[in-house]
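Novice: Have a look at this one.
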Amino acid sequence: MKIQLNEQLSISKLVVGCMRMNDWKLSVKQVVEFIEWCIERGITTFDHADIYGGDHRNEALFGEALQLEPTLREKIQIVTKCDICVPNAKNPNVKTRFFNTDKQYVLAQVNESLDKLKCGYIDILLIHMFDLLVDPSELNETLQQLKDEGKVKYFGLSNHSPLEFDTLQKYTDVPFVTHQFMLHPLGIQNYHNGTMTHCLKEGISPMIWSPLAGGRIFNPTNAAEENMKNVLENIRQELGLEHIDEVVYKWIFRHASNPAIVLGTGNKERIERAIKSVDGVQMTREQWYKILIEAGYTLW
């Protein structure tokens, strides 16, 4: 259940998204047990960001678990992100959300992440959003320094368009090994704008977040979403699967870019269903296109 991003780096095909980890109400010991449970099932990659939980809060909880059981660190891959500035107690003068890729800011955020995570390095650092004021040459210096200092092994982007990705990569000496963005049957903008095809062009495996549209796959809020639920249910029956979320995962996995899926849940039953979707029966080409068309994609 691994995806090889390059000769040295592999991640698990399913990634635990830690965006709401504090909301799971787990003790530090329970976080350790949860990480161990995931590793036993082949899920070894955990996705963080400096803003998750508010000011590195979720990274801190995860770091307490690693401190309690240090042997876990070498069994997992840690992904984290930075460049989104939000108003909080640490930044009382920040009144408006904005993006910041200035060298000193990125270096400070990475150092804070390392401190909170209680570890010496980050496996993959993602630039969280495209900063319209980015200085690509300065960003290159920043990333190269983090790599030279051994603080970050690999780099990628999150929520960038193909043009934004290519622009930053042109100026950056370190290769971007992955691209994280949203995709689900109720939101296919990254097929419309060519981002999925761009992953094929660059030979990178994307990391897909919000695959279940924040739960709207199960609980439609309008007629179009209700229709999609019915489409997924019909395909579920055709494939002999137990739940429609398995249909969604298989739809995402079907793409030749070899995507990983970020699961934004700590619910073990839901994670087990995602694990089941990795192998087994494959969705047909016609079923795959049926979902895409019902999602609003025009073939010609």
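Chain labels A, B, ... are given in the sequence in which chains occur in the structure tokens; within each chain residues are numbered consecutively from 1, and ligands are likewise numbered from 1 in the order shown.
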Please provide the set of residues having any atom within 12 Å of His255 (chain A), restricted to only C-alpha atoms, with same-chain residues fewer than 3 positions apart removed, written as a list in words.

Specialist: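 Contacts, with the query itself left out: Leu183, Tyr191, Met196, Thr197, Cys199, Leu200, Ser205, Pro206, Ile208, Tyr249, Lys250, Trp251, Ile252, Asn258, Pro259, Ala260, Gln282, Met283, Thr284, Arg285, Trp288, Tyr289 and Leu292 of chain A.
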
Novice: So that I can see what lies close to Gly214 (chain A), please list as a list in words the residues with an atom at most 12 Å from it, counting only C-alpha atoms and leaving out residues fewer than 3 positions away in the same chain.

Specialist: Met182, Leu183, His184, Pro185, Leu186, Gly187, Trp209, Ser210, Pro211, Ile217, Phe218, Asn219, Pro220, Thr221, Asp245, Leu263, Gly264 and Thr265 of chain A

Novice: What would the file look like if the residues just selected were written as a short mmCIF file (atom, residue, chain, number, x, y, z; two decimals), in the first residue's frame with all heavy atoms?

Specialist:
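Saved as result_21.cif:
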data_model
loop_
_atom_site.label_atom_id
_atom_site.label_comp_id
_atom_site.auth_asym_id
_atom_site.auth_seq_id
_atom_site.Cartn_x
_atom_site.Cartn_y
_atom_site.Cartn_z
N MET A 182 -7.74 19.39 -3.54
CA MET A 182 -9.06 18.82 -3.31
C MET A 182 -9.61 18.16 -4.57
O MET A 182 -9.44 18.67 -5.67
CB MET A 182 -10.03 19.90 -2.85
CG MET A 182 -11.43 19.40 -2.51
SD MET A 182 -12.56 20.76 -2.10
CE MET A 182 -12.76 21.51 -3.72
N LEU A 183 -10.28 17.03 -4.38
CA LEU A 183 -11.00 16.38 -5.47
C LEU A 183 -12.04 15.45 -4.88
O LEU A 183 -11.74 14.67 -3.97
CB LEU A 183 -10.04 15.59 -6.36
CG LEU A 183 -10.68 14.87 -7.55
CD1 LEU A 183 -11.17 15.88 -8.59
CD2 LEU A 183 -9.70 13.89 -8.19
N HIS A 184 -13.27 15.54 -5.39
CA HIS A 184 -14.33 14.62 -5.01
C HIS A 184 -15.43 14.70 -6.06
O HIS A 184 -15.42 15.61 -6.91
CB HIS A 184 -14.88 14.95 -3.61
CG HIS A 184 -15.25 16.38 -3.40
ND1 HIS A 184 -16.37 16.96 -3.96
CD2 HIS A 184 -14.64 17.37 -2.69
CE1 HIS A 184 -16.45 18.23 -3.60
NE2 HIS A 184 -15.41 18.51 -2.84
N PRO A 185 -16.39 13.78 -6.07
CA PRO A 185 -17.42 13.79 -7.11
C PRO A 185 -18.34 15.01 -7.11
O PRO A 185 -19.10 15.20 -8.05
CB PRO A 185 -18.21 12.51 -6.82
CG PRO A 185 -17.24 11.61 -6.13
CD PRO A 185 -16.43 12.54 -5.28
N LEU A 186 -18.27 15.83 -6.07
CA LEU A 186 -19.04 17.07 -6.05
C LEU A 186 -18.18 18.28 -6.34
O LEU A 186 -18.67 19.41 -6.34
CB LEU A 186 -19.73 17.24 -4.68
CG LEU A 186 -20.69 16.12 -4.27
CD1 LEU A 186 -21.24 16.37 -2.87
CD2 LEU A 186 -21.82 15.98 -5.28
N GLY A 187 -16.90 18.05 -6.59
CA GLY A 187 -15.97 19.14 -6.87
C GLY A 187 -14.84 18.67 -7.77
O GLY A 187 -13.84 18.13 -7.29
N TRP A 209 -7.22 15.67 -0.97
CA TRP A 209 -7.90 15.92 0.31
C TRP A 209 -9.39 16.16 0.08
O TRP A 209 -9.83 16.45 -1.02
CB TRP A 209 -7.27 17.08 1.08
CG TRP A 209 -7.26 18.44 0.46
CD1 TRP A 209 -6.29 18.97 -0.34
CD2 TRP A 209 -8.24 19.47 0.62
NE1 TRP A 209 -6.61 20.26 -0.69
CE2 TRP A 209 -7.80 20.60 -0.12
CE3 TRP A 209 -9.45 19.56 1.31
CZ2 TRP A 209 -8.53 21.79 -0.18
CZ3 TRP A 209 -10.19 20.74 1.26
CH2 TRP A 209 -9.72 21.84 0.52
N SER A 210 -10.16 15.97 1.14
CA SER A 210 -11.62 16.10 1.12
C SER A 210 -12.27 15.20 0.07
O SER A 210 -13.14 15.64 -0.69
CB SER A 210 -12.05 17.55 0.90
OG SER A 210 -13.42 17.72 1.19
N PRO A 211 -11.91 13.91 0.02
CA PRO A 211 -12.48 13.03 -1.01
C PRO A 211 -13.98 12.83 -0.88
O PRO A 211 -14.65 12.50 -1.87
CB PRO A 211 -11.73 11.72 -0.79
CG PRO A 211 -11.32 11.75 0.65
CD PRO A 211 -10.99 13.19 0.92
N ILE A 217 -21.27 13.78 0.50
CA ILE A 217 -21.51 12.55 -0.26
C ILE A 217 -22.61 11.72 0.42
O ILE A 217 -23.45 11.11 -0.24
CB ILE A 217 -20.21 11.73 -0.38
CG1 ILE A 217 -19.20 12.43 -1.30
CG2 ILE A 217 -20.50 10.31 -0.86
CD1 ILE A 217 -19.61 12.50 -2.75
N PHE A 218 -22.58 11.71 1.75
CA PHE A 218 -23.56 10.93 2.52
C PHE A 218 -24.84 11.72 2.80
O PHE A 218 -25.93 11.16 2.87
CB PHE A 218 -22.98 10.49 3.86
CG PHE A 218 -21.66 9.78 3.75
CD1 PHE A 218 -20.49 10.38 4.21
CD2 PHE A 218 -21.57 8.52 3.19
CE1 PHE A 218 -19.28 9.73 4.12
CE2 PHE A 218 -20.35 7.87 3.09
CZ PHE A 218 -19.20 8.47 3.55
N ASN A 219 -24.69 13.04 2.99
CA ASN A 219 -25.81 13.89 3.39
C ASN A 219 -25.97 15.04 2.40
O ASN A 219 -25.51 16.16 2.67
CB ASN A 219 -25.59 14.42 4.81
CG ASN A 219 -25.41 13.30 5.82
OD1 ASN A 219 -26.32 12.52 6.06
ND2 ASN A 219 -24.23 13.22 6.43
N PRO A 220 -26.61 14.79 1.27
CA PRO A 220 -26.75 15.82 0.23
C PRO A 220 -27.50 17.05 0.74
O PRO A 220 -28.39 16.95 1.59
CB PRO A 220 -27.57 15.10 -0.85
CG PRO A 220 -27.39 13.64 -0.58
CD PRO A 220 -27.24 13.51 0.90
N THR A 221 -27.11 18.21 0.18
CA THR A 221 -27.76 19.47 0.59
C THR A 221 -28.59 20.08 -0.53
O THR A 221 -29.21 21.11 -0.34
CB THR A 221 -26.69 20.49 1.03
OG1 THR A 221 -25.81 20.76 -0.07
CG2 THR A 221 -25.88 19.95 2.21
N ASP A 245 -18.72 5.30 0.09
CA ASP A 245 -17.40 5.94 0.18
C ASP A 245 -16.33 5.08 -0.50
O ASP A 245 -15.37 5.60 -1.06
CB ASP A 245 -17.02 6.28 1.62
CG ASP A 245 -17.20 5.13 2.59
OD1 ASP A 245 -17.79 4.11 2.22
OD2 ASP A 245 -16.75 5.27 3.75
N LEU A 263 -7.25 11.06 4.36
CA LEU A 263 -8.48 10.77 5.11
C LEU A 263 -8.58 11.71 6.30
O LEU A 263 -7.75 11.66 7.20
CB LEU A 263 -8.47 9.31 5.60
CG LEU A 263 -8.31 8.23 4.54
CD1 LEU A 263 -8.07 6.87 5.20
CD2 LEU A 263 -9.53 8.19 3.64
N GLY A 264 -9.59 12.55 6.30
CA GLY A 264 -9.74 13.52 7.39
C GLY A 264 -10.54 12.98 8.55
O GLY A 264 -11.43 13.66 9.06
N THR A 265 -10.23 11.77 8.98
CA THR A 265 -11.01 11.15 10.04
C THR A 265 -10.13 10.30 10.94
O THR A 265 -9.12 9.75 10.50
CB THR A 265 -12.14 10.26 9.46
OG1 THR A 265 -12.90 9.68 10.53
CG2 THR A 265 -11.57 9.14 8.61
#

Novice: What's the 10 Å shell around region 2-9 of chain A, counting only C-alpha atoms, without same-chain residues fewer than 2 positions away, as a PyMOL selection string?

Specialist: chain A and resi 11-14+42-45+77+123-124+153-154+176-178+203-206+258-260

Novice: Would you list the contacts of Thr101 (chain A) as a list of chain:residue names, taking every protein, DNA or RNA residue within 9 Å and counting only C-alpha atoms, but skipping same-chain residues closer than 3 positions in sequence?

Specialist: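 After dropping sequence-adjacent residues, the list is A:Cys82, A:Asp83, A:Ile84, A:Gln104, A:Tyr105, A:Val106, A:Ile127, A:Phe130, A:Asp131, A:Leu133, A:Val134, A:Asp135, A:Glu138, A:Leu139.
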
Novice: With only C-alpha atoms as the counted atoms, please give the residues lying no more than 9 Å from region 167-169 of chain A, apart from itself and same-chain residues fewer than 3 positions off, as a ChimeraX atom specification.

Specialist: /A:134,136-137,139-140,162-164,172-176

Novice: For Glu36 (chain A), which residue among A:Cys119, A:Leu72, A:Leu239, A:Val86 is the nearest when counting only C-alpha atoms?

Specialist: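 With only C-alpha atoms as the atom set, the closest residue is A:Leu72.
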